[in-house]
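Novice: Supplied structure: final_10.txt, compact mmCIF, C-alpha atoms.
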# COMPACT_ATOMS: atom_id res chain seq x y z
CA MET A 1 42.22 11.81 -25.44
CA PRO A 2 45.33 11.43 -27.59
CA VAL A 3 45.10 11.42 -31.36
CA SER A 4 45.86 8.03 -32.92
CA ILE A 5 48.22 7.57 -35.88
CA GLU A 6 45.21 6.69 -38.05
CA GLU A 7 43.37 9.80 -36.91
CA LYS A 8 46.48 11.86 -37.68
CA ALA A 9 46.81 10.39 -41.16
CA ALA A 10 43.11 10.89 -41.86
CA ALA A 11 43.23 14.50 -40.66
CA LEU A 12 46.36 15.28 -42.67
CA GLY A 13 44.80 13.64 -45.73
CA ARG A 14 41.89 16.09 -45.58
CA VAL A 15 44.19 19.11 -45.66
CA PRO A 16 44.49 20.42 -49.26
CA LEU A 17 48.20 21.04 -48.68
CA PHE A 18 48.72 17.30 -48.29
CA ALA A 19 46.32 16.12 -51.00
CA GLY A 20 47.59 13.64 -53.57
CA LEU A 21 50.76 12.69 -51.69
CA ASN A 22 52.02 9.15 -52.04
CA ALA A 23 51.51 6.69 -49.19
CA ASP A 24 55.15 6.81 -48.16
CA THR A 25 55.14 10.59 -47.71
CA MET A 26 51.81 10.43 -45.84
CA ALA A 27 53.22 7.82 -43.46
CA ARG A 28 56.34 9.91 -42.82
CA LEU A 29 54.22 13.00 -42.35
CA SER A 30 51.96 11.32 -39.78
CA ASP A 31 55.02 9.99 -38.05
CA VAL A 32 56.69 13.39 -37.58
CA ALA A 33 53.47 15.31 -36.82
CA GLY A 34 53.16 16.03 -33.11
CA GLU A 35 49.85 16.62 -31.39
CA VAL A 36 49.60 19.80 -29.31
CA THR A 37 46.60 21.03 -27.29
CA PHE A 38 46.16 24.73 -26.62
CA PRO A 39 43.70 26.18 -24.07
CA ALA A 40 41.21 28.87 -25.16
CA GLU A 41 42.79 32.33 -25.63
CA HIS A 42 46.28 30.86 -25.89
CA TYR A 43 48.54 32.35 -28.59
CA ILE A 44 49.64 29.43 -30.78
CA VAL A 45 52.00 31.65 -32.76
CA LEU A 46 53.02 35.21 -32.00
CA GLN A 47 53.53 37.91 -34.61
CA GLY A 48 57.20 38.91 -34.71
CA GLN A 49 58.46 35.67 -33.22
CA VAL A 50 60.62 33.40 -35.34
CA GLY A 51 58.53 30.44 -36.45
CA SER A 52 59.71 26.87 -36.50
CA GLY A 53 56.83 25.07 -38.15
CA LEU A 54 53.37 24.64 -39.53
CA TYR A 55 50.19 23.75 -37.64
CA VAL A 56 47.07 21.94 -38.83
CA ILE A 57 43.93 22.40 -36.71
CA MET A 58 42.30 19.08 -35.82
CA ARG A 59 39.67 20.20 -33.33
CA GLY A 60 38.63 23.62 -32.06
CA GLY A 61 39.22 26.97 -33.71
CA ALA A 62 41.47 30.02 -33.85
CA ARG A 63 41.65 33.58 -35.10
CA VAL A 64 44.43 35.20 -37.13
CA LEU A 65 45.45 38.59 -35.76
CA SER A 66 47.65 41.39 -37.01
CA GLY A 67 48.15 43.52 -33.92
CA SER A 68 44.62 43.58 -32.51
CA ARG A 69 42.90 43.35 -35.91
CA GLU A 70 41.27 40.03 -36.77
CA LEU A 71 42.18 38.94 -40.31
CA ALA A 72 40.56 35.50 -40.45
CA ARG A 73 38.95 32.64 -38.52
CA LEU A 74 40.33 29.13 -38.78
CA GLY A 75 38.74 25.77 -38.04
CA PRO A 76 39.43 22.03 -38.36
CA GLY A 77 41.43 21.23 -41.52
CA ASP A 78 42.87 24.76 -41.80
CA PHE A 79 46.61 25.23 -41.49
CA PHE A 80 48.91 28.15 -40.74
CA GLY A 81 52.61 28.88 -40.32
CA GLU A 82 53.56 27.62 -43.78
CA LEU A 83 55.84 30.60 -44.38
CA ALA A 84 58.05 29.46 -41.54
CA VAL A 85 58.77 26.28 -43.45
CA ILE A 86 60.44 28.22 -46.23
CA ASP A 87 62.18 31.00 -44.35
CA GLN A 88 63.03 31.12 -40.69
CA GLU A 89 61.82 34.69 -40.33
CA PRO A 90 59.50 36.32 -37.81
CA ARG A 91 55.80 35.41 -38.04
CA THR A 92 53.69 37.87 -40.04
CA ALA A 93 50.60 37.43 -37.84
CA SER A 94 49.49 35.94 -34.53
CA VAL A 95 47.13 33.00 -34.21
CA GLN A 96 45.08 32.70 -31.03
CA ALA A 97 42.93 29.75 -29.99
CA THR A 98 39.25 30.75 -29.61
CA GLU A 99 38.46 27.56 -27.68
CA GLU A 100 40.41 24.52 -26.58
CA THR A 101 42.19 23.58 -29.80
CA VAL A 102 44.08 20.47 -30.85
CA CYS A 103 46.70 20.97 -33.58
CA LEU A 104 49.18 18.80 -35.37
CA GLY A 105 52.53 20.54 -35.43
CA LEU A 106 55.04 19.90 -38.21
CA ALA A 107 58.57 21.18 -37.71
CA SER A 108 60.14 23.12 -40.60
CA TRP A 109 63.11 20.80 -40.82
CA ASP A 110 60.90 17.70 -41.13
CA LEU A 111 58.72 19.33 -43.78
CA LEU A 112 61.73 20.62 -45.72
CA ARG A 113 63.06 17.08 -45.96
CA LEU A 114 59.71 15.86 -47.25
CA LEU A 115 59.48 18.77 -49.70
CA GLU A 116 62.76 17.73 -51.21
CA SER A 117 61.66 14.14 -51.68
CA ASP A 118 58.09 14.69 -52.85
CA SER A 119 57.52 17.18 -55.64
CA THR A 120 53.74 16.98 -55.16
CA LEU A 121 54.11 18.41 -51.67
CA ALA A 122 56.30 21.23 -53.01
CA LEU A 123 53.76 21.99 -55.74
CA ASN A 124 50.92 21.95 -53.22
CA LEU A 125 52.81 24.41 -51.07
CA ILE A 126 53.40 26.71 -54.06
CA ARG A 127 49.67 26.53 -54.78
CA ALA A 128 48.78 27.30 -51.17
CA LEU A 129 51.08 30.34 -51.13
CA THR A 130 49.70 31.46 -54.48
CA ALA A 131 46.12 31.16 -53.25
CA ARG A 132 46.98 33.19 -50.18
CA LEU A 133 48.75 35.81 -52.23
CA ARG A 134 45.70 36.03 -54.45
CA SER A 135 43.31 36.47 -51.52
CA VAL A 136 45.55 39.18 -50.06
CA THR A 137 45.54 40.97 -53.43
CA ASP A 138 41.77 40.62 -53.70
CA GLN A 139 41.14 41.93 -50.18
CA HIS A 140 43.44 44.85 -50.87
CA ARG A 141 41.19 45.86 -53.77
CA HIS A 142 37.99 46.13 -51.75
CA MET B 1 66.56 39.44 -81.18
CA ALA B 2 67.02 35.76 -80.56
CA LEU B 3 70.04 34.60 -78.60
CA SER B 4 72.17 31.63 -79.52
CA GLN B 5 71.65 28.57 -77.33
CA LEU B 6 75.02 29.25 -75.71
CA GLU B 7 74.22 32.90 -74.94
CA LEU B 8 70.84 31.90 -73.57
CA VAL B 9 72.31 29.27 -71.25
CA ASP B 10 74.89 31.80 -70.03
CA MET B 11 72.14 34.29 -69.33
CA LEU B 12 70.00 31.71 -67.49
CA SER B 13 72.90 30.72 -65.27
CA GLY B 14 72.96 34.30 -63.95
CA LEU B 15 69.29 34.33 -62.89
CA SER B 16 68.53 33.41 -59.30
CA LEU B 17 65.56 31.22 -60.25
CA PHE B 18 67.94 28.89 -62.09
CA ALA B 19 71.03 29.40 -59.91
CA ASP B 20 71.11 25.82 -58.59
CA LEU B 21 70.92 24.09 -61.96
CA SER B 22 73.81 22.36 -63.70
CA ARG B 23 74.86 23.24 -67.23
CA PRO B 24 72.95 20.32 -68.82
CA GLN B 25 69.85 21.24 -66.81
CA LEU B 26 70.13 24.86 -67.97
CA GLU B 27 70.32 23.58 -71.53
CA GLN B 28 67.10 21.64 -70.95
CA VAL B 29 65.42 24.78 -69.62
CA ALA B 30 66.61 26.80 -72.61
CA HIS B 31 65.24 24.09 -74.87
CA LYS B 32 61.84 23.83 -73.13
CA MET B 33 61.11 27.55 -72.89
CA THR B 34 60.51 29.89 -75.82
CA GLU B 35 62.06 33.33 -76.23
CA GLU B 36 59.61 36.14 -76.84
CA SER B 37 59.86 39.91 -77.19
CA PHE B 38 57.29 42.61 -76.53
CA PRO B 39 57.41 46.33 -77.35
CA GLN B 40 57.07 49.02 -74.71
CA GLY B 41 53.45 49.49 -73.64
CA GLN B 42 52.36 45.96 -74.59
CA ARG B 43 50.09 44.12 -72.14
CA ILE B 44 51.40 40.58 -71.73
CA LEU B 45 48.77 39.42 -69.22
CA ARG B 46 45.35 40.96 -68.81
CA GLN B 47 43.60 41.18 -65.45
CA GLY B 48 40.46 39.07 -65.47
CA PHE B 49 41.31 37.25 -68.69
CA THR B 50 42.65 33.77 -69.19
CA GLY B 51 46.33 33.45 -68.40
CA THR B 52 48.71 32.37 -71.10
CA GLY B 53 51.61 30.89 -69.25
CA PHE B 54 54.68 31.39 -67.16
CA TYR B 55 57.23 34.08 -68.02
CA VAL B 56 60.78 34.77 -66.85
CA ILE B 57 62.22 38.21 -67.65
CA LEU B 58 65.57 38.14 -69.47
CA GLU B 59 65.72 41.84 -70.17
CA GLY B 60 63.48 44.84 -69.63
CA GLU B 61 60.93 45.76 -67.01
CA VAL B 62 57.19 45.28 -66.46
CA ALA B 63 54.58 46.88 -64.23
CA VAL B 64 52.18 44.73 -62.20
CA ARG B 65 49.01 46.79 -62.50
CA VAL B 66 45.81 46.10 -60.54
CA ASP B 67 42.77 48.20 -61.46
CA GLY B 68 45.04 50.69 -63.22
CA GLU B 69 47.33 51.13 -60.22
CA ASP B 70 50.98 49.99 -60.31
CA ARG B 71 51.63 47.57 -57.47
CA ALA B 72 55.14 46.46 -58.33
CA HIS B 73 57.78 46.48 -61.01
CA LEU B 74 59.53 43.32 -62.11
CA ALA B 75 62.86 43.18 -63.92
CA LYS B 76 65.56 40.77 -65.08
CA GLY B 77 65.31 37.40 -63.34
CA ASP B 78 61.81 38.01 -62.01
CA PHE B 79 58.92 35.83 -63.14
CA PHE B 80 55.16 36.23 -63.57
CA GLY B 81 52.10 34.33 -64.77
CA GLU B 82 52.53 31.44 -62.33
CA MET B 83 49.58 32.47 -60.16
CA SER B 84 46.88 32.09 -62.77
CA VAL B 85 48.50 28.96 -64.22
CA LEU B 86 48.75 27.19 -60.87
CA LEU B 87 45.33 28.23 -59.63
CA GLY B 88 43.64 27.83 -63.01
CA GLU B 89 42.13 31.29 -62.64
CA PRO B 90 42.38 34.50 -64.67
CA PRO B 91 45.29 36.84 -63.85
CA VAL B 92 44.77 39.20 -60.88
CA ALA B 93 46.82 41.91 -62.54
CA ASP B 94 47.78 43.39 -65.87
CA ILE B 95 51.42 42.87 -66.75
CA VAL B 96 52.60 45.75 -68.93
CA ALA B 97 56.01 46.17 -70.58
CA LEU B 98 57.58 49.45 -69.39
CA ARG B 99 60.24 49.18 -72.06
CA GLN B 100 61.28 46.68 -74.70
CA LEU B 101 60.87 43.29 -73.02
CA HIS B 102 62.66 40.04 -73.63
CA VAL B 103 61.27 36.97 -71.84
CA LEU B 104 61.30 33.21 -71.75
CA HIS B 105 57.83 31.73 -71.96
CA LEU B 106 56.48 28.34 -70.90
CA GLY B 107 52.92 27.30 -71.77
CA GLY B 108 50.62 26.99 -68.77
CA PRO B 109 49.96 23.25 -69.08
CA ASP B 110 53.73 22.55 -69.04
CA LEU B 111 54.53 24.43 -65.83
CA GLU B 112 53.69 21.66 -63.38
CA ASP B 113 55.83 19.06 -65.14
CA PHE B 114 58.60 21.60 -65.61
CA LEU B 115 58.72 22.28 -61.86
CA ARG B 116 58.60 18.58 -61.02
CA GLU B 117 61.56 17.99 -63.32
CA HIS B 118 63.54 20.80 -61.69
CA PRO B 119 63.02 20.74 -57.91
CA PRO B 120 65.67 23.43 -57.27
CA VAL B 121 63.67 25.84 -59.46
CA MET B 122 60.52 24.94 -57.53
CA PHE B 123 62.29 25.65 -54.27
CA ARG B 124 63.59 29.03 -55.47
CA MET B 125 60.08 29.83 -56.63
CA LEU B 126 58.66 28.91 -53.23
CA LYS B 127 61.08 31.28 -51.54
CA THR B 128 60.19 34.12 -53.89
CA MET B 129 56.50 33.53 -53.34
CA ALA B 130 56.93 33.49 -49.57
CA LEU B 131 58.68 36.84 -49.86
CA ARG B 132 55.95 38.26 -52.10
CA LEU B 133 53.30 37.08 -49.67
CA LYS B 134 55.15 38.74 -46.84
CA ASN B 135 55.43 42.01 -48.69
CA ALA B 136 51.77 41.87 -49.67
CA THR B 137 50.78 41.24 -46.07
CA ARG B 138 52.90 44.14 -44.94
CA TRP B 139 50.97 46.58 -47.16
CA ARG B 140 47.81 45.71 -45.35
CA SER B 141 48.99 46.15 -41.82
Kindly return the structure encoded in the file as structure tokens.

Specialist:
Amino acid sequence: MPVSIEEKAAALGRVPLFAGLNADTMARLSDVAGEVTFPAEHYIVLQGQVGSGLYVIMRGGARVLSGSRELARLGPGDFFGELAVIDQEPRTASVQATEETVCLGLASWDLLRLLESDSTLALNLIRALTARLRSVTDQHRH
Amino acid sequence: MALSQLELVDMLSGLSLFADLSRPQLEQVAHKMTEESFPQGQRILRQGFTGTGFYVILEGEVAVRVDGEDRAHLAKGDFFGEMSVLLGEPPVADIVALRQLHVLHLGGPDLEDFLREHPPVMFRMLKTMALRLKNATRWRS
């Protein structure tokens, strides 16, 4: 069952990364977001491969892997691949679907354009990176 | 040792964080931020305590120290303090001056507006943070 534009906008609106954006940016975001369905066990992104965008999980779930080590579990509303938006460098971890998983994919070039026109989105992304950096630092301490 | 406005703007133009700004924009930055100096050994941010703002290093070097262990050194052009300001949480690390330190300081509550007014600075900051995140992730694997 395909995801409607309204469903896309609602799902994107629940993602902290896209909180507080103006209606115009939200509409453009929903417009460029493409729905992708991955079967269970499928690698959505592969560590070492050059990334071209960010994914938001709409339904299903996934695990974040470094080599064979599980770093985190992700569910609806979680996103990954945000580093690829900023640099076009190899992925730092793999993400594998744990069940059939529906994602919204946002291409780096589309997001970059939106980042330039909406400072709230850029600030949100800085916050998201900061929060991740903090959790990495915290985990490293324990 | 305070710099003249002209010297300060010249210095800012050489820092990568501000590399995309025009001369008038650099003047605005110089006007908004305050110069501060710290002696060697001074702790500028304290792990677990309330953060006091965003700092850009003009001269000198600091250690990023977590639980007494040096994680990184930052030098001219590097910045710190943004994590606790943006997350509204206490600093995750001590920042300690390794030698006489000369910085530009912006109060925490002003950082968000400052970045909104200067999107190229925000974008440079994003890139630096992506790189830091990558390096941090690399330590763990």

Novice: Kindly provide, as a ChimeraX atom specification, the residues of chain B having any atom no farther than 12 Å from an atom of chain A, counting all atoms listed in the file.

Specialist: /B:47-48,64-69,71,80-93,111-141

Novice: Between CA of Phe80 in chain A and CA of Gly53 in chain A, what is the spacing in Å?

Specialist: 8.9 Å

Novice: Between B:Gly107, B:Gly77, B:Gly60, B:Gly53, which residue has the minimum interatomic distance to Ser16 in chain B, considering only C-alpha atoms?

Specialist: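 Of all the options, B:Gly77 lies closest to Ser16 in chain B.
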
Novice: Between A:Leu29, A:Val15, A:Val95, A:Val3, which has the minimum distance to Val45 in chain A (counting only C-alpha atoms)?

Specialist: A:Val95

Novice: In the coordinates of the file, take the point (66.4, 43.1, -68.1) and a cut-off of 8 Å; then, counting all atoms listed in the file, name each qualifying protein, DNA or RNA residue as an MDAnalysis selection string.

Specialist: chainID B and resid 57:61 75:77 101:102

Novice: Counting only C-alpha atoms, which of B:Glu7, B:Ser13, B:Asp94, B:Arg99 gets nearest to Thr50 in chain B?

Specialist: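 Residue with the minimum atom-to-atom distance to Thr50 in chain B: B:Asp94.
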
Novice: Which of these, A:Val32, A:Ile44, A:Val64, A:Leu74, has the shortest distance to Leu106 in chain A once you count all atoms listed in the file?

Specialist: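 Going through A:Val32, A:Ile44, A:Val64, A:Leu74 one by one, the smallest distance to Leu106 in chain A is for A:Val32.
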
Novice: Grab all the atoms of range 111-120 of chain A that the file lists, wrap them in a box along x, y and z, add 5 Å per side, and give me centre plus edge lengths in Å (one decimal) as JSON.

Specialist:
{"center_x": 58.4, "center_y": 17.4, "center_z": -49.7, "size_x": 19.3, "size_y": 16.5, "size_z": 21.9}

Novice: Tell me which residues come within 12 Å of (51.5, 23.1, -33.5), as a PDB file with C-alpha atoms, in the coordinates of the input, counting all atoms listed in the file in the file's coordinates.

Specialist:
ATOM      1  CA  VAL A  32      56.690  13.390 -37.580  1.00  0.00           C
ATOM      2  CA  ALA A  33      53.470  15.310 -36.820  1.00  0.00           C
ATOM      3  CA  GLY A  34      53.160  16.030 -33.110  1.00  0.00           C
ATOM      4  CA  GLU A  35      49.850  16.620 -31.390  1.00  0.00           C
ATOM      5  CA  VAL A  36      49.600  19.800 -29.310  1.00  0.00           C
ATOM      6  CA  THR A  37      46.600  21.030 -27.290  1.00  0.00           C
ATOM      7  CA  PHE A  38      46.160  24.730 -26.620  1.00  0.00           C
ATOM      8  CA  TYR A  43      48.540  32.350 -28.590  1.00  0.00           C
ATOM      9  CA  ILE A  44      49.640  29.430 -30.780  1.00  0.00           C
ATOM     10  CA  VAL A  45      52.000  31.650 -32.760  1.00  0.00           C
ATOM     11  CA  GLY A  51      58.530  30.440 -36.450  1.00  0.00           C
ATOM     12  CA  SER A  52      59.710  26.870 -36.500  1.00  0.00           C
ATOM     13  CA  GLY A  53      56.830  25.070 -38.150  1.00  0.00           C
ATOM     14  CA  LEU A  54      53.370  24.640 -39.530  1.00  0.00           C
ATOM     15  CA  TYR A  55      50.190  23.750 -37.640  1.00  0.00           C
ATOM     16  CA  VAL A  56      47.070  21.940 -38.830  1.00  0.00           C
ATOM     17  CA  ILE A  57      43.930  22.400 -36.710  1.00  0.00           C
ATOM     18  CA  MET A  58      42.300  19.080 -35.820  1.00  0.00           C
ATOM     19  CA  PHE A  79      46.610  25.230 -41.490  1.00  0.00           C
ATOM     20  CA  PHE A  80      48.910  28.150 -40.740  1.00  0.00           C
ATOM     21  CA  GLY A  81      52.610  28.880 -40.320  1.00  0.00           C
ATOM     22  CA  GLU A  82      53.560  27.620 -43.780  1.00  0.00           C
ATOM     23  CA  VAL A  95      47.130  33.000 -34.210  1.00  0.00           C
ATOM     24  CA  GLN A  96      45.080  32.700 -31.030  1.00  0.00           C
ATOM     25  CA  ALA A  97      42.930  29.750 -29.990  1.00  0.00           C
ATOM     26  CA  THR A 101      42.190  23.580 -29.800  1.00  0.00           C
ATOM     27  CA  VAL A 102      44.080  20.470 -30.850  1.00  0.00           C
ATOM     28  CA  CYS A 103      46.700  20.970 -33.580  1.00  0.00           C
ATOM     29  CA  LEU A 104      49.180  18.800 -35.370  1.00  0.00           C
ATOM     30  CA  GLY A 105      52.530  20.540 -35.430  1.00  0.00           C
ATOM     31  CA  LEU A 106      55.040  19.900 -38.210  1.00  0.00           C
ATOM     32  CA  ALA A 107      58.570  21.180 -37.710  1.00  0.00           C
ATOM     33  CA  SER A 108      60.140  23.120 -40.600  1.00  0.00           C
TER      34      SER A 108
END

Novice: Hey, can you check how far CA of Pro90 in chain A sits from CA of Leu114 in chain A?

Specialist: 22.5 Å

Novice: Would you mind listing what lies within 12 Å of Glu27 in chain B as a PyMOL selection string, with all atoms listed in the file counted and same-chain residues fewer than 5 positions away left out?

Specialist: chain B and resi 4-13+18+21-22+32-33

Novice: How about saving the chosen residues, C-alpha atoms kept, as a compact mmCIF listing (two decimals), in the frame of the given file?

Specialist:
# COMPACT_ATOMS: atom_id res chain seq x y z
CA SER B 4 72.17 31.63 -79.52
CA GLN B 5 71.65 28.57 -77.33
CA LEU B 6 75.02 29.25 -75.71
CA GLU B 7 74.22 32.90 -74.94
CA LEU B 8 70.84 31.90 -73.57
CA VAL B 9 72.31 29.27 -71.25
CA ASP B 10 74.89 31.80 -70.03
CA MET B 11 72.14 34.29 -69.33
CA LEU B 12 70.00 31.71 -67.49
CA SER B 13 72.90 30.72 -65.27
CA PHE B 18 67.94 28.89 -62.09
CA LEU B 21 70.92 24.09 -61.96
CA SER B 22 73.81 22.36 -63.70
CA LYS B 32 61.84 23.83 -73.13
CA MET B 33 61.11 27.55 -72.89

Novice: Would you work out the distance separating CA of Val56 in chain B from CA of Pro24 in chain B, expressed in Å to one decimal?

Specialist: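 Spanning CA of Val56 in chain B to CA of Pro24 in chain B is a straight-line distance of 19.0 Å.
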